[in-house]
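Novice: If you scroll down you'll find the structure; I have some questions about it.
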Amino acid sequence: MKYLILISFLFSFYLSTAQYNRALFDSEAKLKIWFDSLFSRNETRYTLPDSKKIAFSDSIRRELVSVLNIEDAFSFPFDSLTKLGKLTSSDSLLRVFSWNIRLKGGKYIFYGFVLYRNHLSSNIAKVIELTDKTDSLPDNEVENLTLSGKQWYGASYYQIIPVNEKKQKYYILIGWKGYNAYVNRKVVDVLFFNKKGKPLFGKNIFKSE
């Protein structure tokens with residue numbers, strides 16, 4: 001019986017590897033090394049010098065820029081990257097990746113990517129890198145701003161809610177934001193795409209009385 005189980009496991013593994021480009025597995029292995037270094041079990045992310053935290057995250061960012069543009073990257077699970085936030089919308093058209101680092105003094109830097117495809121049959125998604133610009137945004141006005149991916153109010157997202165309204169689709173993103181050593185925030189943002197397919201954050205859909 002144990003031999004049958006082993007054969008079944010090997011056959012399933014073969015099917016999974018045959019389904020995806022080998023480069024996706026190779027890239028995942030590299031990313032795992034960097035994430036493990038950044039978020040090791042002894043919490044070195046709080047004791048590493050800030051320069052090393054940023055260097056590891058920059059390596060991760062550059063690798064993701066490359067790997068997410070490979071065919072079938074949208075559906076690739078990246079299961080071993082447990083410290084990378086990975087969300088897929090219920091309509092299977094949007095994926096969001098995010099992670100963060102905490103620097104000395106309590107400041108956080110957030111990193112993220114959005115993958116979007118127009119059709120379920122598409123194997124290649126549009127990849128948009130998100131750049132955390134929290135420090136340059138007016139804190140008392142940010143909730144009223146519409147921002148591009150290059151002006152992102154960084155957050156680690158944990159829920160996506162697709163919404164269809166008046167023939168327009170948008171996504172409500174719910175996330176966590178470590179603002180400083182003393183303040184954490186819950187972020188509720190709206191991601192939508194303009195007529196040119198450019199992602200924007202901050203659509204005004206919430207009514208206030």
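As shown in the structure tokens, the chain order sets the letters A, B, ...; within each chain, residues go from 1, and ligands are also counted from 1 in the order they appear.
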Using DSSP on the backbone, list every residue of chain A that comes out as alpha helix (DSSP H), and give them as a PyMOL selection string.

Specialist: chain A and resi 2-19+22-38+50-67

Novice: Would you give me, as a list in words, the residues in segment 26-94 of chain A that DSSP reads as strand (DSSP E or B)?

Specialist: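 Listing strand (DSSP E or B) positions across segment 26-94 of chain A yields Gly85, Lys86, Leu87, Thr88 and Leu94 of chain A.
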
Novice: Just to be explicit: take each residue in the selection above, keep N, CA and C atoms, and write the result as a short mmCIF file (atom, residue, chain, number, x, y, z; two decimals), in the first residue's frame.

Specialist:
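Resulting contents of out.cif:
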```
data_model
loop_
_atom_site.label_atom_id
_atom_site.label_comp_id
_atom_site.auth_asym_id
_atom_site.auth_seq_id
_atom_site.Cartn_x
_atom_site.Cartn_y
_atom_site.Cartn_z
N GLY A 85 2.16 37.68 1.35
CA GLY A 85 0.71 37.74 1.28
C GLY A 85 0.24 37.52 -0.14
N LYS A 86 -0.64 36.54 -0.34
CA LYS A 86 -1.11 36.19 -1.68
C LYS A 86 -2.63 36.11 -1.66
N LEU A 87 -3.28 36.98 -2.40
CA LEU A 87 -4.73 36.98 -2.46
C LEU A 87 -5.19 36.85 -3.91
N THR A 88 -6.24 36.08 -4.12
CA THR A 88 -6.87 35.96 -5.44
C THR A 88 -8.34 36.29 -5.30
N LEU A 94 -8.01 38.86 -10.52
CA LEU A 94 -7.07 39.73 -9.81
C LEU A 94 -6.30 38.94 -8.76
#
```

Novice: Quick one: everything within 10 Å of segment 144-150 of chain A, counting only C-alpha atoms, minus sequence neighbours fewer than 6 positions away in the same chain. Send it as a list of chain:residue names.

Specialist: A:Gly112, A:Phe113, A:Val114, A:Ile128, A:Glu129, A:Leu130, A:Thr131, A:Asp132, A:Lys133, A:Leu137, A:Pro138, A:Val190, A:Leu191, A:Lys198, A:Pro199, A:Leu200, A:Phe201, A:Gly202, A:Lys203, A:Asn204

Novice: For the residues in the current selection, export all heavy atoms as a short mmCIF file (atom, residue, chain, number, x, y, z; two decimals), in the first residue's frame.

Specialist:
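Result went into result16.cif, see below:
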```
data_model
loop_
_atom_site.label_atom_id
_atom_site.label_comp_id
_atom_site.auth_asym_id
_atom_site.auth_seq_id
_atom_site.Cartn_x
_atom_site.Cartn_y
_atom_site.Cartn_z
N GLY A 112 4.41 45.63 -2.80
CA GLY A 112 3.25 44.95 -3.35
C GLY A 112 3.25 44.87 -4.87
O GLY A 112 3.96 45.62 -5.56
N PHE A 113 2.46 43.93 -5.36
CA PHE A 113 2.25 43.75 -6.80
C PHE A 113 0.78 43.43 -7.04
O PHE A 113 0.15 42.72 -6.25
CB PHE A 113 3.10 42.61 -7.36
CG PHE A 113 4.56 42.92 -7.46
CD1 PHE A 113 5.40 42.74 -6.36
CD2 PHE A 113 5.11 43.40 -8.64
CE1 PHE A 113 6.75 43.03 -6.45
CE2 PHE A 113 6.46 43.69 -8.74
CZ PHE A 113 7.28 43.51 -7.64
N VAL A 114 0.26 43.94 -8.15
CA VAL A 114 -1.08 43.61 -8.60
C VAL A 114 -0.96 42.89 -9.94
O VAL A 114 -0.24 43.35 -10.83
CB VAL A 114 -1.95 44.88 -8.76
CG1 VAL A 114 -3.23 44.57 -9.52
CG2 VAL A 114 -2.27 45.48 -7.40
N ILE A 128 1.61 45.00 -12.20
CA ILE A 128 1.83 46.38 -11.74
C ILE A 128 2.52 46.34 -10.39
O ILE A 128 2.01 45.75 -9.43
CB ILE A 128 0.50 47.15 -11.62
CG1 ILE A 128 -0.26 47.16 -12.94
CG2 ILE A 128 0.76 48.57 -11.14
CD1 ILE A 128 -1.34 46.12 -13.04
N GLU A 129 3.69 46.94 -10.33
CA GLU A 129 4.39 47.04 -9.05
C GLU A 129 3.85 48.22 -8.26
O GLU A 129 3.60 49.29 -8.82
CB GLU A 129 5.90 47.20 -9.26
CG GLU A 129 6.68 47.24 -7.96
CD GLU A 129 8.18 47.31 -8.16
OE1 GLU A 129 8.63 47.36 -9.33
OE2 GLU A 129 8.90 47.33 -7.14
N LEU A 130 3.67 48.03 -6.96
CA LEU A 130 3.18 49.08 -6.08
C LEU A 130 4.34 49.67 -5.28
O LEU A 130 5.14 48.93 -4.71
CB LEU A 130 2.12 48.52 -5.12
CG LEU A 130 0.95 47.78 -5.78
CD1 LEU A 130 0.00 47.24 -4.71
CD2 LEU A 130 0.21 48.68 -6.76
N THR A 131 4.43 50.99 -5.25
CA THR A 131 5.52 51.67 -4.57
C THR A 131 4.97 52.46 -3.39
O THR A 131 4.15 53.36 -3.56
CB THR A 131 6.26 52.63 -5.52
OG1 THR A 131 6.71 51.89 -6.67
CG2 THR A 131 7.45 53.27 -4.84
N ASP A 132 5.41 52.10 -2.20
CA ASP A 132 4.92 52.72 -0.97
C ASP A 132 5.40 54.18 -0.88
O ASP A 132 6.59 54.45 -0.77
CB ASP A 132 5.43 51.93 0.23
CG ASP A 132 4.84 52.40 1.55
OD1 ASP A 132 4.06 53.36 1.56
OD2 ASP A 132 5.17 51.79 2.59
N LYS A 133 4.45 55.11 -0.91
CA LYS A 133 4.76 56.54 -0.81
C LYS A 133 4.07 57.17 0.40
O LYS A 133 3.73 58.36 0.38
CB LYS A 133 4.33 57.26 -2.09
CG LYS A 133 5.15 56.90 -3.31
CD LYS A 133 6.59 57.37 -3.17
CE LYS A 133 7.40 57.10 -4.42
NZ LYS A 133 8.80 57.56 -4.30
N LEU A 137 2.62 61.39 1.36
CA LEU A 137 1.19 61.66 1.22
C LEU A 137 0.67 62.42 2.43
O LEU A 137 1.06 62.13 3.56
CB LEU A 137 0.42 60.34 1.07
CG LEU A 137 0.75 59.51 -0.17
CD1 LEU A 137 0.05 58.15 -0.10
CD2 LEU A 137 0.34 60.25 -1.44
N PRO A 138 -0.22 63.39 2.21
CA PRO A 138 -0.79 64.14 3.34
C PRO A 138 -1.71 63.24 4.17
O PRO A 138 -2.75 62.80 3.68
CB PRO A 138 -1.57 65.27 2.66
CG PRO A 138 -1.88 64.75 1.29
CD PRO A 138 -0.74 63.85 0.92
N VAL A 190 -10.08 51.03 -2.34
CA VAL A 190 -10.82 50.59 -3.52
C VAL A 190 -9.87 50.63 -4.72
O VAL A 190 -9.29 51.67 -5.03
CB VAL A 190 -12.04 51.48 -3.79
CG1 VAL A 190 -12.78 51.00 -5.05
CG2 VAL A 190 -12.98 51.45 -2.59
N LEU A 191 -9.71 49.49 -5.36
CA LEU A 191 -8.88 49.38 -6.55
C LEU A 191 -9.78 49.29 -7.77
O LEU A 191 -10.69 48.47 -7.82
CB LEU A 191 -7.99 48.14 -6.46
CG LEU A 191 -7.21 47.74 -7.72
CD1 LEU A 191 -6.19 48.80 -8.09
CD2 LEU A 191 -6.53 46.39 -7.51
N LYS A 198 -5.19 51.25 -16.51
CA LYS A 198 -4.27 51.64 -15.44
C LYS A 198 -4.95 51.47 -14.09
O LYS A 198 -6.07 51.95 -13.88
CB LYS A 198 -3.84 53.09 -15.62
CG LYS A 198 -2.89 53.60 -14.55
CD LYS A 198 -2.54 55.06 -14.80
CE LYS A 198 -1.62 55.61 -13.71
NZ LYS A 198 -1.29 57.04 -13.94
N PRO A 199 -4.31 50.79 -13.14
CA PRO A 199 -4.91 50.61 -11.82
C PRO A 199 -4.83 51.88 -10.99
O PRO A 199 -3.81 52.57 -10.98
CB PRO A 199 -4.07 49.49 -11.20
CG PRO A 199 -2.73 49.64 -11.84
CD PRO A 199 -3.00 50.11 -13.25
N LEU A 200 -5.90 52.19 -10.30
CA LEU A 200 -5.95 53.36 -9.43
C LEU A 200 -6.57 52.96 -8.09
O LEU A 200 -7.42 52.07 -8.02
CB LEU A 200 -6.79 54.47 -10.07
CG LEU A 200 -6.26 55.06 -11.38
CD1 LEU A 200 -7.29 55.98 -12.01
CD2 LEU A 200 -4.94 55.81 -11.16
N PHE A 201 -6.12 53.64 -7.05
CA PHE A 201 -6.63 53.38 -5.71
C PHE A 201 -7.39 54.61 -5.22
O PHE A 201 -6.96 55.74 -5.45
CB PHE A 201 -5.48 53.09 -4.73
CG PHE A 201 -4.74 51.82 -5.01
CD1 PHE A 201 -3.72 51.78 -5.94
CD2 PHE A 201 -5.06 50.66 -4.33
CE1 PHE A 201 -3.03 50.61 -6.20
CE2 PHE A 201 -4.38 49.48 -4.57
CZ PHE A 201 -3.36 49.45 -5.51
N GLY A 202 -8.54 54.38 -4.54
CA GLY A 202 -9.20 55.49 -3.89
C GLY A 202 -10.51 55.92 -4.51
O GLY A 202 -10.92 57.06 -4.34
N LYS A 203 -11.18 55.03 -5.23
CA LYS A 203 -12.48 55.39 -5.80
C LYS A 203 -13.45 55.70 -4.67
O LYS A 203 -13.57 54.95 -3.71
CB LYS A 203 -13.01 54.23 -6.66
CG LYS A 203 -14.32 54.55 -7.37
CD LYS A 203 -14.71 53.38 -8.26
CE LYS A 203 -16.03 53.64 -8.97
NZ LYS A 203 -15.94 54.79 -9.89
N ASN A 204 -14.17 56.80 -4.81
CA ASN A 204 -15.10 57.24 -3.76
C ASN A 204 -16.43 56.51 -3.89
O ASN A 204 -17.31 56.92 -4.64
CB ASN A 204 -15.30 58.76 -3.86
CG ASN A 204 -16.12 59.29 -2.69
OD1 ASN A 204 -16.35 58.59 -1.70
ND2 ASN A 204 -16.57 60.52 -2.80
#
```

Novice: Counting only C-alpha atoms, which residue out of A:Phe97, A:Phe35, A:Phe25, A:Tyr108 sits closest to Asn180 of chain A?

Specialist: A:Tyr108

Novice: Out of A:Ser90, A:Ser121, A:Ser66, A:Ser98, which residue has the shortest atom-to-atom distance to Gly175 of chain A when counting only C-alpha atoms?

Specialist: A:Ser98

Novice: For a test of reading the model, state the distance in Å between atom CA of Ile70 of chain A and atom CA of Ile33 of chain A, rounded to one decimal.

Specialist: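 The value is 20.2 Å.
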